[in-house]
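Enquirer: File name upload.cif; file contents mmCIF, C-alpha atoms; full text below.
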data_input
#
loop_
_atom_site.group_PDB
_atom_site.id
_atom_site.type_symbol
_atom_site.label_atom_id
_atom_site.label_comp_id
_atom_site.auth_asym_id
_atom_site.auth_seq_id
_atom_site.Cartn_x
_atom_site.Cartn_y
_atom_site.Cartn_z
ATOM 1 C CA MET A 1 4.991 70.910 125.041
ATOM 2 C CA LYS A 2 5.618 74.646 124.812
ATOM 3 C CA GLN A 3 8.959 76.245 125.305
ATOM 4 C CA VAL A 4 10.371 79.743 125.364
ATOM 5 C CA GLU A 5 13.717 81.252 126.140
ATOM 6 C CA TYR A 6 14.581 84.893 126.532
ATOM 7 C CA THR A 7 17.011 87.232 128.212
ATOM 8 C CA THR A 8 16.214 89.881 130.762
ATOM 9 C CA LEU A 9 18.627 92.746 131.232
ATOM 10 C CA LEU A 10 18.963 93.759 134.873
ATOM 11 C CA THR A 11 21.588 96.395 134.136
ATOM 12 C CA THR A 12 23.971 97.066 131.271
ATOM 13 C CA GLU A 13 26.307 94.480 132.799
ATOM 14 C CA ASP A 14 23.990 91.925 134.337
ATOM 15 C CA LEU A 15 21.381 89.689 132.791
ATOM 16 C CA ILE A 16 19.273 86.629 133.452
ATOM 17 C CA ASP A 17 18.590 84.034 130.770
ATOM 18 C CA VAL A 18 15.217 82.435 131.338
ATOM 19 C CA ARG A 19 14.127 79.138 129.803
ATOM 20 C CA LEU A 20 10.669 77.744 130.459
ATOM 21 C CA MET A 21 8.920 74.607 129.360
ATOM 22 C CA TRP A 22 5.295 73.742 130.097
ATOM 23 C CA GLU A 23 2.658 71.262 128.985
ATOM 24 C CA LYS A 24 -0.500 72.447 130.679
ATOM 25 C CA LYS A 25 -1.281 76.135 130.740
ATOM 26 C CA GLY A 26 0.236 77.649 133.899
ATOM 27 C CA GLU A 27 2.185 74.550 134.969
ATOM 28 C CA ILE A 28 5.899 74.731 134.348
ATOM 29 C CA THR A 29 7.615 71.374 133.941
ATOM 30 C CA LYS A 30 11.183 72.472 133.230
ATOM 31 C CA PHE A 31 13.034 75.715 133.737
ATOM 32 C CA SER A 32 16.432 77.302 133.977
ATOM 33 C CA LEU A 33 17.548 80.674 135.286
ATOM 34 C CA ASN A 34 21.044 81.674 134.367
ATOM 35 C CA TYR A 35 22.665 84.808 135.769
ATOM 36 C CA ARG A 36 25.491 86.183 133.610
ATOM 37 C CA ALA A 37 27.655 89.233 134.193
ATOM 38 C CA MET A 38 29.807 91.260 131.856
ATOM 39 C CA ILE A 39 33.355 90.850 133.139
ATOM 40 C CA SER A 40 36.337 92.110 131.142
ATOM 41 C CA GLY A 41 34.174 92.502 128.036
ATOM 42 C CA LYS A 42 32.708 88.982 128.143
ATOM 43 C CA TRP A 43 29.469 87.528 129.442
ATOM 44 C CA ILE A 44 30.399 85.109 132.199
ATOM 45 C CA GLU A 45 28.040 82.621 133.827
ATOM 46 C CA ILE A 46 27.956 83.320 137.532
ATOM 47 C CA TYR A 47 24.965 81.444 138.887
ATOM 48 C CA ARG A 48 22.475 78.967 137.499
ATOM 49 C CA VAL A 49 19.484 77.128 138.848
ATOM 50 C CA ASP A 50 17.513 74.577 136.843
ATOM 51 C CA ASN A 51 15.805 71.206 136.842
ATOM 52 C CA TYR A 52 16.942 70.130 133.399
ATOM 53 C CA HIS A 53 18.799 67.011 134.475
ATOM 54 C CA GLY A 54 15.880 65.484 136.299
ATOM 55 C CA PHE A 55 16.499 67.166 139.628
ATOM 56 C CA LEU A 56 16.494 70.683 140.964
ATOM 57 C CA HIS A 57 20.002 72.030 141.400
ATOM 58 C CA GLU A 58 22.065 75.192 141.418
ATOM 59 C CA GLN A 59 25.544 75.951 140.166
ATOM 60 C CA ARG A 60 27.630 78.583 141.868
ATOM 61 C CA TYR A 61 30.279 79.326 139.302
ATOM 62 C CA TRP A 62 32.329 81.489 141.638
ATOM 63 C CA ARG A 63 33.228 78.197 143.323
ATOM 64 C CA ASN A 64 33.025 75.634 140.529
ATOM 65 C CA SER A 65 30.480 74.193 138.117
ATOM 66 C CA GLU A 66 29.483 71.277 140.347
ATOM 67 C CA PRO A 67 25.676 71.047 140.592
ATOM 68 C CA ILE A 68 24.375 71.395 144.137
ATOM 69 C CA ARG A 69 21.147 69.491 144.694
ATOM 70 C CA LEU A 70 18.297 71.578 146.116
ATOM 71 C CA ASN A 71 15.460 70.233 148.178
ATOM 72 C CA GLU A 72 12.424 72.445 147.880
ATOM 73 C CA HIS A 73 8.977 71.499 149.110
ATOM 74 C CA LEU A 74 7.203 74.031 146.948
ATOM 75 C CA SER A 75 5.470 73.771 143.597
ATOM 76 C CA LEU A 76 7.795 74.412 140.658
ATOM 77 C CA ASN A 77 6.068 77.722 139.911
ATOM 78 C CA LEU A 78 6.810 78.907 143.452
ATOM 79 C CA VAL A 79 10.358 77.573 143.304
ATOM 80 C CA ILE A 80 10.978 79.676 140.195
ATOM 81 C CA LYS A 81 9.464 82.709 141.866
ATOM 82 C CA LYS A 82 11.723 82.161 144.864
ATOM 83 C CA TYR A 83 14.901 81.872 142.797
ATOM 84 C CA VAL A 84 14.059 84.795 140.509
ATOM 85 C CA THR A 85 13.729 86.935 143.629
ATOM 86 C CA GLU A 86 16.888 85.478 145.130
ATOM 87 C CA ILE A 87 18.972 86.090 142.023
ATOM 88 C CA THR A 88 17.621 89.596 141.485
ATOM 89 C CA LEU A 89 18.212 90.640 145.073
ATOM 90 C CA ASN A 90 21.657 89.031 145.314
ATOM 91 C CA TYR A 91 23.267 89.225 141.882
ATOM 92 C CA GLN A 92 25.626 92.010 142.941
ATOM 93 C CA ARG A 93 26.860 89.806 145.766
ATOM 94 C CA TYR A 94 27.320 86.806 143.430
ATOM 95 C CA ARG A 95 29.248 88.967 141.010
ATOM 96 C CA ASN A 96 31.507 90.185 143.803
ATOM 97 C CA TYR A 97 32.165 86.605 144.940
ATOM 98 C CA TYR A 98 33.149 85.714 141.395
ATOM 99 C CA LEU A 99 35.433 88.732 141.086
ATOM 100 C CA GLU A 100 37.046 88.034 144.459
ATOM 101 C CA ASN A 101 37.667 84.428 143.536
ATOM 102 C CA MET A 102 38.980 85.513 140.160
ATOM 103 C CA LYS A 103 41.481 87.759 141.933
ATOM 104 C CA ASN A 104 42.507 84.880 144.133
ATOM 105 C CA GLY A 105 42.733 82.621 141.089
ATOM 106 C CA ARG A 106 39.932 80.357 142.270
ATOM 107 C CA ASN A 107 37.430 80.725 139.478
ATOM 108 C CA GLU A 108 36.069 78.076 137.163
ATOM 109 C CA GLU A 109 38.770 78.440 134.513
ATOM 110 C CA ASN A 110 41.484 77.919 137.053
ATOM 111 C CA GLU A 111 39.525 75.054 138.581
ATOM 112 C CA LYS A 112 39.421 73.354 135.179
ATOM 113 C CA LYS A 113 43.154 73.864 134.705
ATOM 114 C CA ARG A 114 43.754 72.506 138.169
ATOM 115 C CA ARG A 115 41.583 69.460 137.486
ATOM 116 C CA THR A 116 43.320 68.636 134.176
ATOM 117 C CA GLU A 117 46.653 69.154 135.847
ATOM 118 C CA HIS A 118 45.558 66.838 138.645
ATOM 119 C CA LYS A 119 44.416 64.162 136.153
ATOM 120 C CA ARG A 120 47.742 64.386 134.322
ATOM 121 C CA THR A 121 49.757 63.920 137.468
ATOM 122 C CA GLU A 122 47.483 61.036 138.494
ATOM 123 C CA LYS A 123 48.060 59.318 135.130
ATOM 124 C CA LYS A 124 51.791 59.880 135.423
ATOM 125 C CA SER A 125 51.943 58.448 138.910
ATOM 126 C CA ARG A 126 49.931 55.388 137.765
ATOM 127 C CA ARG A 127 52.422 54.778 134.958
ATOM 128 C CA HIS A 128 55.276 54.894 137.424
ATOM 129 C CA MET B 1 23.934 105.799 152.444
ATOM 130 C CA LYS B 2 21.224 103.789 154.194
ATOM 131 C CA ARG B 3 18.574 105.605 152.156
ATOM 132 C CA LYS B 4 20.447 104.733 148.947
ATOM 133 C CA GLU B 5 20.607 101.071 149.976
ATOM 134 C CA GLU B 6 16.890 101.066 150.757
ATOM 135 C CA LEU B 7 16.148 102.565 147.352
ATOM 136 C CA ASN B 8 18.354 99.982 145.734
ATOM 137 C CA ILE B 9 16.552 97.133 147.490
ATOM 138 C CA LYS B 10 13.200 98.623 146.508
ATOM 139 C CA GLU B 11 14.322 98.822 142.890
ATOM 140 C CA LEU B 12 15.635 95.256 142.940
ATOM 141 C CA LYS B 13 12.390 93.991 144.441
ATOM 142 C CA ARG B 14 10.496 95.747 141.679
ATOM 143 C CA LYS B 15 12.655 94.080 139.058
ATOM 144 C CA ALA B 16 12.130 90.660 140.653
ATOM 145 C CA GLU B 17 8.392 91.245 140.691
ATOM 146 C CA ASP B 18 8.476 92.307 137.035
ATOM 147 C CA ILE B 19 10.360 89.168 136.028
ATOM 148 C CA ASN B 20 7.978 86.974 138.011
ATOM 149 C CA ASN B 21 4.921 88.680 136.522
ATOM 150 C CA LEU B 22 6.329 88.163 133.064
ATOM 151 C CA ILE B 23 6.964 84.453 133.697
ATOM 152 C CA GLU B 24 3.426 84.049 134.991
ATOM 153 C CA ASP B 25 1.965 85.800 131.954
ATOM 154 C CA ILE B 26 4.022 83.611 129.614
ATOM 155 C CA VAL B 27 3.104 80.265 131.147
ATOM 156 C CA THR B 28 -0.549 81.171 131.592
ATOM 157 C CA GLU B 29 -0.364 82.060 127.887
ATOM 158 C CA LYS B 30 -1.548 85.618 128.298
ATOM 159 C CA LEU B 31 1.559 86.627 126.388
ATOM 160 C CA ASP B 32 2.986 85.066 123.298
ATOM 161 C CA LEU B 33 6.593 86.063 123.714
ATOM 162 C CA PRO B 34 8.866 85.539 120.703
ATOM 163 C CA ASN B 35 11.682 83.110 121.311
ATOM 164 C CA LYS B 36 15.123 84.587 122.061
ATOM 165 C CA ALA B 37 13.650 87.940 122.977
ATOM 166 C CA LEU B 38 15.697 90.489 124.840
ATOM 167 C CA ILE B 39 13.800 92.357 127.497
ATOM 168 C CA SER B 40 15.154 95.385 129.206
ATOM 169 C CA LEU B 41 14.000 96.041 132.740
ATOM 170 C CA ASP B 42 16.583 98.670 133.410
ATOM 171 C CA PHE B 43 16.114 102.305 132.505
ATOM 172 C CA GLU B 44 19.822 102.995 132.099
ATOM 173 C CA ALA B 45 20.402 99.854 130.032
ATOM 174 C CA THR B 46 17.508 100.761 127.771
ATOM 175 C CA LEU B 47 18.874 104.253 127.208
ATOM 176 C CA ASN B 48 22.365 102.967 126.498
ATOM 177 C CA ILE B 49 21.501 100.167 124.146
ATOM 178 C CA PHE B 50 18.398 101.208 122.323
ATOM 179 C CA THR B 51 19.172 104.588 120.848
ATOM 180 C CA LYS B 52 17.357 105.643 117.713
ATOM 181 C CA LYS B 53 20.472 105.078 115.607
ATOM 182 C CA LYS B 54 21.006 101.557 116.880
ATOM 183 C CA LEU B 55 17.368 100.679 116.244
ATOM 184 C CA GLU B 56 17.761 102.059 112.724
ATOM 185 C CA ILE B 57 20.718 99.729 112.258
ATOM 186 C CA ILE B 58 18.565 96.765 113.367
ATOM 187 C CA ASP B 59 15.838 97.815 110.964
ATOM 188 C CA CYS B 60 18.262 98.237 108.057
ATOM 189 C CA ILE B 61 19.759 94.793 108.608
ATOM 190 C CA ASN B 62 16.292 93.214 108.758
ATOM 191 C CA ARG B 63 15.023 95.066 105.723
ATOM 192 C CA TYR B 64 17.954 95.058 103.338
ATOM 193 C CA GLY B 65 20.293 92.333 104.607
ATOM 194 C CA PRO B 66 23.537 94.239 103.915
ATOM 195 C CA LYS B 67 26.534 92.091 103.055
ATOM 196 C CA SER B 68 29.108 94.279 104.763
ATOM 197 C CA VAL B 69 29.451 96.987 107.403
ATOM 198 C CA GLN B 70 30.244 99.497 104.658
ATOM 199 C CA GLN B 71 26.982 98.644 102.904
ATOM 200 C CA LEU B 72 25.137 99.099 106.172
ATOM 201 C CA ALA B 73 26.888 102.433 106.715
ATOM 202 C CA ASN B 74 25.760 103.553 103.243
ATOM 203 C CA LEU B 75 22.200 102.506 103.968
ATOM 204 C CA THR B 76 22.107 104.383 107.240
ATOM 205 C CA LYS B 77 24.040 107.343 105.779
ATOM 206 C CA ARG B 78 26.563 107.215 108.567
ATOM 207 C CA LEU B 79 30.317 106.778 108.847
ATOM 208 C CA LYS B 80 31.539 103.186 108.799
ATOM 209 C CA GLN B 81 33.429 103.682 112.074
ATOM 210 C CA ALA B 82 30.288 104.927 113.820
ATOM 211 C CA VAL B 83 28.202 102.022 112.516
ATOM 212 C CA ASP B 84 30.963 99.627 113.477
ATOM 213 C CA ARG B 85 30.988 100.994 117.028
ATOM 214 C CA ASP B 86 27.216 100.613 117.331
ATOM 215 C CA LEU B 87 27.373 97.104 115.873
ATOM 216 C CA LYS B 88 29.925 96.106 118.501
ATOM 217 C CA ILE B 89 27.533 97.267 121.234
ATOM 218 C CA LEU B 90 24.637 95.385 119.633
ATOM 219 C CA GLU B 91 26.851 92.325 119.337
ATOM 220 C CA ARG B 92 27.787 92.615 122.988
ATOM 221 C CA TYR B 93 24.118 92.363 123.928
ATOM 222 C CA GLU B 94 23.682 89.451 121.541
ATOM 223 C CA ILE B 95 21.193 91.383 119.435
ATOM 224 C CA VAL B 96 23.341 91.274 116.335
ATOM 225 C CA GLU B 97 25.725 88.610 115.116
ATOM 226 C CA LEU B 98 28.737 89.577 113.040
ATOM 227 C CA ILE B 99 29.642 86.799 110.639
ATOM 228 C CA LYS B 100 33.026 86.979 108.942
ATOM 229 C CA GLU B 101 32.976 85.994 105.308
ATOM 230 C CA GLY B 102 36.248 86.584 103.565
ATOM 231 C CA ARG B 103 37.112 90.232 103.966
ATOM 232 C CA ASN B 104 33.578 91.226 104.851
ATOM 233 C CA VAL B 105 31.671 91.146 108.081
ATOM 234 C CA ILE B 106 27.997 90.388 107.565
ATOM 235 C CA PRO B 107 25.691 91.682 110.269
ATOM 236 C CA THR B 108 22.570 89.654 111.081
ATOM 237 C CA VAL B 109 19.897 90.178 113.704
ATOM 238 C CA LYS B 110 19.881 87.394 116.266
ATOM 239 C CA ARG B 111 17.066 88.355 118.556
ATOM 240 C CA GLU B 112 13.716 89.975 118.643
ATOM 241 C CA VAL B 113 14.190 93.041 120.747
ATOM 242 C CA ILE B 114 11.629 94.078 123.230
ATOM 243 C CA LEU B 115 11.834 97.246 125.189
ATOM 244 C CA PHE B 116 9.537 96.238 127.875
ATOM 245 C CA ASN B 117 7.803 98.933 129.785
ATOM 246 C CA LEU B 118 6.631 97.035 132.803
ATOM 247 C CA LYS B 119 3.819 98.875 134.550
ATOM 248 C CA SER B 120 5.765 101.115 136.844
ATOM 249 C CA GLN B 121 8.475 102.765 134.808
ATOM 250 C CA LYS B 122 7.964 105.139 131.962
ATOM 251 C CA ILE B 123 10.717 105.719 129.480
ATOM 252 C CA LYS B 124 10.910 109.393 128.625
ATOM 253 C CA GLU B 125 11.854 110.769 125.288
ATOM 254 C CA THR B 126 15.044 112.747 124.770
ATOM 255 C CA SER B 127 16.556 113.867 121.501
ATOM 256 C CA GLU B 128 18.832 110.823 121.380
ATOM 257 C CA VAL B 129 16.643 108.264 122.982
ATOM 258 C CA VAL B 130 13.673 106.632 121.561
ATOM 259 C CA VAL B 131 10.248 106.505 123.096
ATOM 260 C CA ALA B 132 10.040 102.851 123.622
ATOM 261 C CA GLN B 133 6.755 101.608 124.793
ATOM 262 C CA VAL B 134 6.475 98.456 122.839
ATOM 263 C CA TYR B 135 3.729 96.136 123.790
ATOM 264 C CA ILE B 136 4.304 92.497 123.558
ATOM 265 C CA GLU B 137 0.936 91.519 122.172
ATOM 266 C CA ASN B 138 2.543 92.564 118.953
ATOM 267 C CA LYS B 139 4.468 89.646 117.526
ATOM 268 C CA ASN B 140 6.527 91.581 115.055
ATOM 269 C CA VAL B 141 8.369 93.464 117.710
ATOM 270 C CA ASN B 142 11.226 94.895 115.716
ATOM 271 C CA LYS B 143 8.788 96.313 113.213
ATOM 272 C CA LYS B 144 6.749 97.813 116.012
ATOM 273 C CA ILE B 145 9.816 99.539 117.432
ATOM 274 C CA LEU B 146 10.364 101.262 114.148
ATOM 275 C CA GLU B 147 6.753 102.334 114.010
ATOM 276 C CA VAL B 148 7.198 103.869 117.433
ATOM 277 C CA ILE B 149 10.331 105.780 116.556
ATOM 278 C CA SER B 150 9.334 107.019 113.135
#
Translate this file's structure into C-alpha cells.
Expert:
Amino acid sequence: MKQVEYTTLLTTEDLIDVRLMWEKKGEITKFSLNYRAMISGKWIEIYRVDNYHGFLHEQRYWRNSEPIRLNEHLSLNLVIKKYVTEITLNYQRYRNYYLENMKNGRNEENEKKRRTEHKRTEKKSRRH
Amino acid sequence: MKRKEELNIKELKRKAEDINNLIEDIVTEKLDLPNKALISLDFEATLNIFTKKKLEIIDCINRYGPKSVQQLANLTKRLKQAVDRDLKILERYEIVELIKEGRNVIPTVKREVILFNLKSQKIKETSEVVVAQVYIENKNVNKKILEVIS
C-alpha cells in the first residue's frame, strides 16, 4: 500500500490538502481532498470530500461537519478528477458561503456551541 | 468585467487540470513525490512566499539547525525582526514550525517545498524573486532549490 499527502496552494489564501492511497499502480483505493482558506489569520477547513470511512462523502463546513453521502457511478480515479475540478472552480464560492454564515453566526464553531448547549439543556430537563 | 471572469475561469480550469495531472502522475508512479510536500500552482503565491531570503532561511535551518531565532538571524546575517517576520510567513504556510523551548523559539522545517512549474506557466526572475523551476524527479527538493538560487 502506497500513500502520499501534500498541499497545493491555489492562492496565498486558499489551498487543497490531497491525500492518496493506492495498492496497484494507477488505481486509487482511498483519497481525501480538503479545501482550506485563510480566514482571520487561520487556516479554516471549508470543504472536504473523501472515502476514508468506507463510503464516499463530502463535508460542507459552512453548514456543519455532518458527512453527506455521495453516490457516484464513476471509477474512483474519475470521482477524484471530478471533485478536484469542482473544488478548484468553486472554492471562491465556498469561501463566501463560509464567510456569510460566519457573519450570521452559523458556522461550525457556533454549531458546536449550539449542540453542547442543546445537550446541556436536554440533560437538565431529564433531571427535572 | 465579463472578460475578467472568463480569464478567471480559464485560469481556474488550468489549475484544476494541473492538480489532476499531478495526481495521475503520482498514482501511476511517474513521480515520486516527497510526503508533506507543498506545491505552489499560483504565480502570486509563489512570488510572495518563496523569496530568496525565505529560501535561505529554510536552507539555514536544514543545514545548521539553529536553536533560536537570534542564532538564525546571525547565520543569515539579517536583523532578528526581519527573520522573525519571514519565519511567521513560513509558519503560516506550514513550511516551518516554531517550537517554544523555554525562552527560545526553535525553528524547524516541516515540509519539503516544491515550487512546481507546471507546463504552462513560467516563473520569471526579478531581483527579489527566485527563479524557481524545480523538477520533482529530484528527491532532495530543498537542496535543489538552493542550487537553483545560488
Enquirer: If you apply the PyMOL selection byres ((chain A) within 7 of (chain B)) to this file, what residues do you get, as a PyMOL selection string?
Expert: chain A and resi 4-12+22+25-28+81+84-85+88-89
Enquirer: Restricted to C-alpha atoms, what would the selected residues look like written as a PDB file, in the frame of the given file?
Expert:
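The new file again-v1.pdb reads:
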ATOM      1  CA  VAL A   4      10.371  79.743 125.364  1.00  0.00           C
ATOM      2  CA  GLU A   5      13.717  81.252 126.140  1.00  0.00           C
ATOM      3  CA  TYR A   6      14.581  84.893 126.532  1.00  0.00           C
ATOM      4  CA  THR A   7      17.011  87.232 128.212  1.00  0.00           C
ATOM      5  CA  THR A   8      16.214  89.881 130.762  1.00  0.00           C
ATOM      6  CA  LEU A   9      18.627  92.746 131.232  1.00  0.00           C
ATOM      7  CA  LEU A  10      18.963  93.759 134.873  1.00  0.00           C
ATOM      8  CA  THR A  11      21.588  96.395 134.136  1.00  0.00           C
ATOM      9  CA  THR A  12      23.971  97.066 131.271  1.00  0.00           C
ATOM     10  CA  TRP A  22       5.295  73.742 130.097  1.00  0.00           C
ATOM     11  CA  LYS A  25      -1.281  76.135 130.740  1.00  0.00           C
ATOM     12  CA  GLY A  26       0.236  77.649 133.899  1.00  0.00           C
ATOM     13  CA  GLU A  27       2.185  74.550 134.969  1.00  0.00           C
ATOM     14  CA  ILE A  28       5.899  74.731 134.348  1.00  0.00           C
ATOM     15  CA  LYS A  81       9.464  82.709 141.866  1.00  0.00           C
ATOM     16  CA  VAL A  84      14.059  84.795 140.509  1.00  0.00           C
ATOM     17  CA  THR A  85      13.729  86.935 143.629  1.00  0.00           C
ATOM     18  CA  THR A  88      17.621  89.596 141.485  1.00  0.00           C
ATOM     19  CA  LEU A  89      18.212  90.640 145.073  1.00  0.00           C
TER      20      LEU A  89
END
Enquirer: Please indicate the distance in Å from CA of Phe50 in chain B to CA of Val83 in chain B, rounded to one decimal place.
Expert: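 Between CA of Phe50 in chain B and CA of Val83 in chain B the gap is 13.9 Å.
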Enquirer: What does the distance from CA of Val69 in chain B to CA of Lys52 in chain B come to in Å, to one decimal?
Expert: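 It comes out at 18.1 Å.
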Enquirer: Take every atom of range 70-78 of chain B listed in the file, fit an axis-aligned box around them, add 8 Å per side, and give the centre and edge lengths in Å to one decimal as AutoDock Vina command-line options.
Expert:
--center_x 26.2 --center_y 103.0 --center_z 105.7 --size_x 24.1 --size_y 24.7 --size_z 21.7
Enquirer: Excluding Glu97 in chain B and its own-chain neighbours fewer than 6 positions away, which residues fall within 9 Å of it when counting only C-alpha atoms? Please give them as a list in words.
Expert: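 In the requested form, the answer reads Leu87, Leu90, Glu91, Ile106, Pro107, Thr108, Val109 and Lys110 of chain B.
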Enquirer: Check the smallest atom-to-atom distance from each of A:Leu56, A:Ile68, A:Met102, A:Met38 to Leu15 in chain A using only C-alpha atoms, then report the winner.
Expert: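 Using only C-alpha atoms, the shortest distance to Leu15 in chain A belongs to A:Met38.
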Enquirer: Using the chain letters and numbers from the file, which residues does the PyMOL selection byres ((chain A and resi 95) around 10) grab, as a ChimeraX atom specification?
Expert: /A:14,35-39,44-47,61-62,90-94,96-101
Enquirer: Please measure the separation of CA of Asn104 in chain B and CA of Gly65 in chain B, giving the value in Å to one decimal.
Expert: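 The value is 13.3 Å.
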Enquirer: Have a look at A:Arg63, A:Ile16, A:Thr29, A:Lys2 and name the one nearest to Asn77 in chain A; count only C-alpha atoms.
Expert: A:Thr29
Enquirer: With all atoms listed in the file as the counted atoms, please give the residues lying no more than 12 Å from Pro66 in chain B, apart from itself and same-chain residues fewer than 6 positions off, as JSON, numbers by chain.
Expert: {"B": [57, 58, 59, 60, 72, 73, 74, 75, 76, 98, 99, 104, 105, 106, 107, 108, 109]}
Enquirer: Would you output range 53-106 of chain B from that structure, restricted to C-alpha atoms, as a JSON list (two decimals), in the first residue's frame?
Expert:
[["chain", "number", "residue", "atom", "x", "y", "z"],
["B", 53, "LYS", "CA", 15.64, 35.34, 1.64],
["B", 54, "LYS", "CA", 12.96, 32.96, 2.83],
["B", 55, "LEU", "CA", 14.54, 30.07, 0.94],
["B", 56, "GLU", "CA", 17.86, 30.98, 2.56],
["B", 57, "ILE", "CA", 16.15, 30.74, 5.94],
["B", 58, "ILE", "CA", 14.87, 27.24, 5.06],
["B", 59, "ASP", "CA", 18.34, 26.22, 3.96],
["B", 60, "CYS", "CA", 19.98, 27.60, 7.11],
["B", 61, "ILE", "CA", 17.55, 25.75, 9.36],
["B", 62, "ASN", "CA", 18.13, 22.49, 7.47],
["B", 63, "ARG", "CA", 21.88, 22.88, 7.42],
["B", 64, "TYR", "CA", 22.72, 24.26, 10.84],
["B", 65, "GLY", "CA", 19.65, 23.57, 12.99],
["B", 66, "PRO", "CA", 19.74, 26.89, 14.88],
["B", 67, "LYS", "CA", 18.42, 26.78, 18.43],
["B", 68, "SER", "CA", 16.89, 30.24, 18.41],
["B", 69, "VAL", "CA", 15.67, 32.96, 16.05],
["B", 70, "GLN", "CA", 18.65, 35.10, 17.04],
["B", 71, "GLN", "CA", 21.03, 32.31, 16.02],
["B", 72, "LEU", "CA", 19.22, 32.02, 12.71],
["B", 73, "ALA", "CA", 19.44, 35.79, 12.25],
["B", 74, "ASN", "CA", 23.21, 35.61, 12.85],
["B", 75, "LEU", "CA", 23.57, 32.80, 10.35],
["B", 76, "THR", "CA", 21.65, 34.67, 7.69],
["B", 77, "LYS", "CA", 23.31, 38.00, 8.61],
["B", 78, "ARG", "CA", 19.97, 39.70, 8.95],
["B", 79, "LEU", "CA", 18.11, 41.54, 11.68],
["B", 80, "LYS", "CA", 16.22, 39.34, 14.13],
["B", 81, "GLN", "CA", 12.97, 41.24, 13.48],
["B", 82, "ALA", "CA", 13.25, 40.65, 9.73],
["B", 83, "VAL", "CA", 13.97, 36.94, 10.19],
["B", 84, "ASP", "CA", 11.13, 36.72, 12.68],
["B", 85, "ARG", "CA", 8.73, 38.28, 10.17],
["B", 86, "ASP", "CA", 9.79, 35.84, 7.46],
["B", 87, "LEU", "CA", 9.52, 32.91, 9.87],
["B", 88, "LYS", "CA", 5.94, 33.90, 10.70],
["B", 89, "ILE", "CA", 5.08, 33.80, 6.98],
["B", 90, "LEU", "CA", 6.77, 30.41, 6.58],
["B", 91, "GLU", "CA", 4.91, 29.18, 9.65],
["B", 92, "ARG", "CA", 1.65, 30.41, 8.20],
["B", 93, "TYR", "CA", 2.19, 28.21, 5.16],
["B", 94, "GLU", "CA", 3.16, 25.31, 7.40],
["B", 95, "ILE", "CA", 6.65, 25.17, 5.93],
["B", 96, "VAL", "CA", 8.34, 25.94, 9.22],
["B", 97, "GLU", "CA", 7.34, 25.01, 12.74],
["B", 98, "LEU", "CA", 8.28, 27.27, 15.63],
["B", 99, "ILE", "CA", 8.79, 25.25, 18.79],
["B", 100, "LYS", "CA", 8.96, 27.13, 22.07],
["B", 101, "GLU", "CA", 11.58, 25.85, 24.44],
["B", 102, "GLY", "CA", 12.00, 28.00, 27.50],
["B", 103, "ARG", "CA", 12.81, 31.49, 26.33],
["B", 104, "ASN", "CA", 13.85, 30.37, 22.88],
["B", 105, "VAL", "CA", 11.88, 29.61, 19.78],
["B", 106, "ILE", "CA", 13.43, 26.81, 17.74]]
